[in-house]
Amino acid sequence: MNFEFHPEAEIEFNKAIDYYAEIEEELGYDFAIEVHSAILRALSYPKAWSTIDGEVRRSLVKRFPYGVLYSEEINGIYILAIMNLHRHPDYWKHRN
């Protein structure tokens, strides 16, 4: 199975990596690894995570206050957001 990012989700992922790398260089790397792990869990078990809106599910990122919001597609998952869980919860809904 494959995954694809919504363009805005990829931008917010990279910005979050940069943010954590500014705090401590290795922290940006750690964040990227944890997000990648959450994506792999979603790929392995796409229906295991709770739905938050229609067919959109959220796989939580360990160690960081983030979730990977995705929908299941024919060939894998489509990542709508790498969402900071402290942000307004509906900011990503225009991404289809």
# chains A, B, ... in the order shown; residues from 1 in each chain; ligands from 1
call {"tool": "residues_around", "arguments": {"residues": "Asn75 in chain A", "least_positions_apart": "6", "cutoff": "8 Å", "atoms": "only C-alpha atoms", "output": "ChimeraX atom specification"}}
result
/A:1-3
call {"tool": "select_by_dssp", "arguments": {"residues": "range 2-96 of chain A", "states": "helix (DSSP H, G or I)", "output": "PyMOL selection string"}}
result
chain A and resi 7-23+25-44
call {"tool": "write_last_selection", "arguments": {"atoms": "N, CA and C atoms", "output": "short mmCIF file (atom, residue, chain, number, x, y, z; two decimals), in the first residue's frame"}}
result
data_model
loop_
_atom_site.label_atom_id
_atom_site.label_comp_id
_atom_site.auth_asym_id
_atom_site.auth_seq_id
_atom_site.Cartn_x
_atom_site.Cartn_y
_atom_site.Cartn_z
N PRO A 7 -1.12 18.52 -0.66
CA PRO A 7 -0.02 19.49 -0.69
C PRO A 7 0.10 20.32 0.59
N GLU A 8 -1.02 20.74 1.17
CA GLU A 8 -0.95 21.54 2.40
C GLU A 8 -0.49 20.69 3.59
N ALA A 9 -0.82 19.41 3.59
CA ALA A 9 -0.37 18.52 4.66
C ALA A 9 1.15 18.33 4.60
N GLU A 10 1.68 18.23 3.39
CA GLU A 10 3.13 18.08 3.24
C GLU A 10 3.85 19.34 3.71
N ILE A 11 3.29 20.50 3.41
CA ILE A 11 3.88 21.77 3.86
C ILE A 11 3.86 21.85 5.38
N GLU A 12 2.72 21.52 6.01
CA GLU A 12 2.67 21.61 7.47
C GLU A 12 3.57 20.58 8.13
N PHE A 13 3.75 19.43 7.51
CA PHE A 13 4.69 18.42 8.03
C PHE A 13 6.11 18.97 8.02
N ASN A 14 6.51 19.55 6.90
CA ASN A 14 7.86 20.11 6.80
C ASN A 14 8.08 21.28 7.75
N LYS A 15 7.05 22.11 7.91
CA LYS A 15 7.16 23.24 8.86
C LYS A 15 7.32 22.74 10.29
N ALA A 16 6.61 21.68 10.63
CA ALA A 16 6.72 21.12 11.99
C ALA A 16 8.11 20.52 12.21
N ILE A 17 8.64 19.86 11.20
CA ILE A 17 10.01 19.33 11.30
C ILE A 17 10.98 20.48 11.55
N ASP A 18 10.85 21.53 10.77
CA ASP A 18 11.73 22.70 10.93
C ASP A 18 11.59 23.32 12.32
N TYR A 19 10.36 23.42 12.80
CA TYR A 19 10.11 23.98 14.13
C TYR A 19 10.85 23.18 15.20
N TYR A 20 10.68 21.87 15.18
CA TYR A 20 11.34 21.04 16.19
C TYR A 20 12.85 21.02 16.01
N ALA A 21 13.33 21.10 14.78
CA ALA A 21 14.78 21.13 14.53
C ALA A 21 15.39 22.42 15.08
N GLU A 22 14.64 23.52 15.07
CA GLU A 22 15.13 24.78 15.64
C GLU A 22 15.30 24.66 17.15
N ILE A 23 14.43 23.91 17.77
CA ILE A 23 14.52 23.71 19.21
C ILE A 23 15.75 22.87 19.52
N GLU A 25 18.23 20.06 17.02
CA GLU A 25 18.36 19.45 15.69
C GLU A 25 17.82 18.03 15.63
N GLU A 26 18.16 17.19 16.60
CA GLU A 26 17.70 15.81 16.59
C GLU A 26 16.20 15.68 16.79
N LEU A 27 15.60 16.69 17.42
CA LEU A 27 14.17 16.65 17.69
C LEU A 27 13.36 16.70 16.39
N GLY A 28 13.83 17.44 15.41
CA GLY A 28 13.16 17.46 14.10
C GLY A 28 13.18 16.09 13.45
N TYR A 29 14.33 15.43 13.54
CA TYR A 29 14.46 14.07 13.01
C TYR A 29 13.54 13.12 13.76
N ASP A 30 13.53 13.22 15.09
CA ASP A 30 12.67 12.36 15.90
C ASP A 30 11.21 12.55 15.54
N PHE A 31 10.80 13.79 15.34
CA PHE A 31 9.42 14.08 14.96
C PHE A 31 9.09 13.41 13.62
N ALA A 32 9.97 13.56 12.64
CA ALA A 32 9.74 12.96 11.33
C ALA A 32 9.60 11.44 11.43
N ILE A 33 10.44 10.82 12.24
CA ILE A 33 10.38 9.36 12.42
C ILE A 33 9.06 8.95 13.07
N GLU A 34 8.62 9.69 14.08
CA GLU A 34 7.37 9.35 14.76
C GLU A 34 6.16 9.53 13.83
N VAL A 35 6.17 10.58 13.01
CA VAL A 35 5.08 10.77 12.04
C VAL A 35 5.10 9.63 11.03
N HIS A 36 6.28 9.29 10.55
CA HIS A 36 6.39 8.18 9.60
C HIS A 36 5.87 6.88 10.22
N SER A 37 6.15 6.64 11.47
CA SER A 37 5.65 5.45 12.17
C SER A 37 4.12 5.47 12.24
N ALA A 38 3.55 6.63 12.51
CA ALA A 38 2.08 6.75 12.56
C ALA A 38 1.48 6.48 11.17
N ILE A 39 2.16 6.93 10.12
CA ILE A 39 1.70 6.66 8.76
C ILE A 39 1.76 5.16 8.47
N LEU A 40 2.84 4.52 8.86
CA LEU A 40 2.97 3.07 8.64
C LEU A 40 1.90 2.29 9.39
N ARG A 41 1.57 2.74 10.61
CA ARG A 41 0.50 2.08 11.36
C ARG A 41 -0.83 2.24 10.64
N ALA A 42 -1.06 3.43 10.10
CA ALA A 42 -2.31 3.67 9.36
C ALA A 42 -2.36 2.82 8.09
N LEU A 43 -1.23 2.67 7.43
CA LEU A 43 -1.17 1.82 6.23
C LEU A 43 -1.43 0.36 6.57
N SER A 44 -0.84 -0.11 7.66
CA SER A 44 -0.98 -1.51 8.06
C SER A 44 -2.39 -1.84 8.54
#
call {"tool": "closest_residue", "arguments": {"among": "A:His6, A:Arg57, A:Arg63, A:Lys47", "to": "Arg95 in chain A", "atoms": "only C-alpha atoms"}}
result
A:His6
call {"tool": "residues_around", "arguments": {"residues": "Ser71 in chain A", "least_positions_apart": "6", "cutoff": "6 Å", "atoms": "only C-alpha atoms", "output": "list in words"}}
result
Glu55, Val56, Ile77 and Tyr78 of chain A
call {"tool": "write_last_selection", "arguments": {"atoms": "C-alpha atoms", "output": "compact mmCIF listing (two decimals), in the first residue's frame"}}
result
# COMPACT_ATOMS: atom_id res chain seq x y z
CA GLU A 55 -14.34 8.69 6.37
CA VAL A 56 -11.41 10.66 7.80
CA ILE A 77 -4.13 6.30 2.26
CA TYR A 78 -4.43 9.99 1.42
call {"tool": "atom_distance", "arguments": {"atom1": "CA of Glu24 in chain A", "atom2": "CA of Tyr70 in chain A"}}
result
28.3 Å
call {"tool": "select_by_dssp", "arguments": {"residues": "chain A", "states": "strand (DSSP E)", "output": "PyMOL selection string"}}
result
chain A and resi 2-5+51-53+56-60+66-73+76-84
call {"tool": "atom_distance", "arguments": {"atom1": "CA of Leu85 in chain A", "atom2": "CA of Glu4 in chain A"}}
result
21.0 Å
call {"tool": "closest_residue", "arguments": {"among": "A:Phe5, A:Val68, A:His86, A:Lys62", "to": "Trp49 in chain A", "atoms": "only C-alpha atoms"}}
result
A:Val68
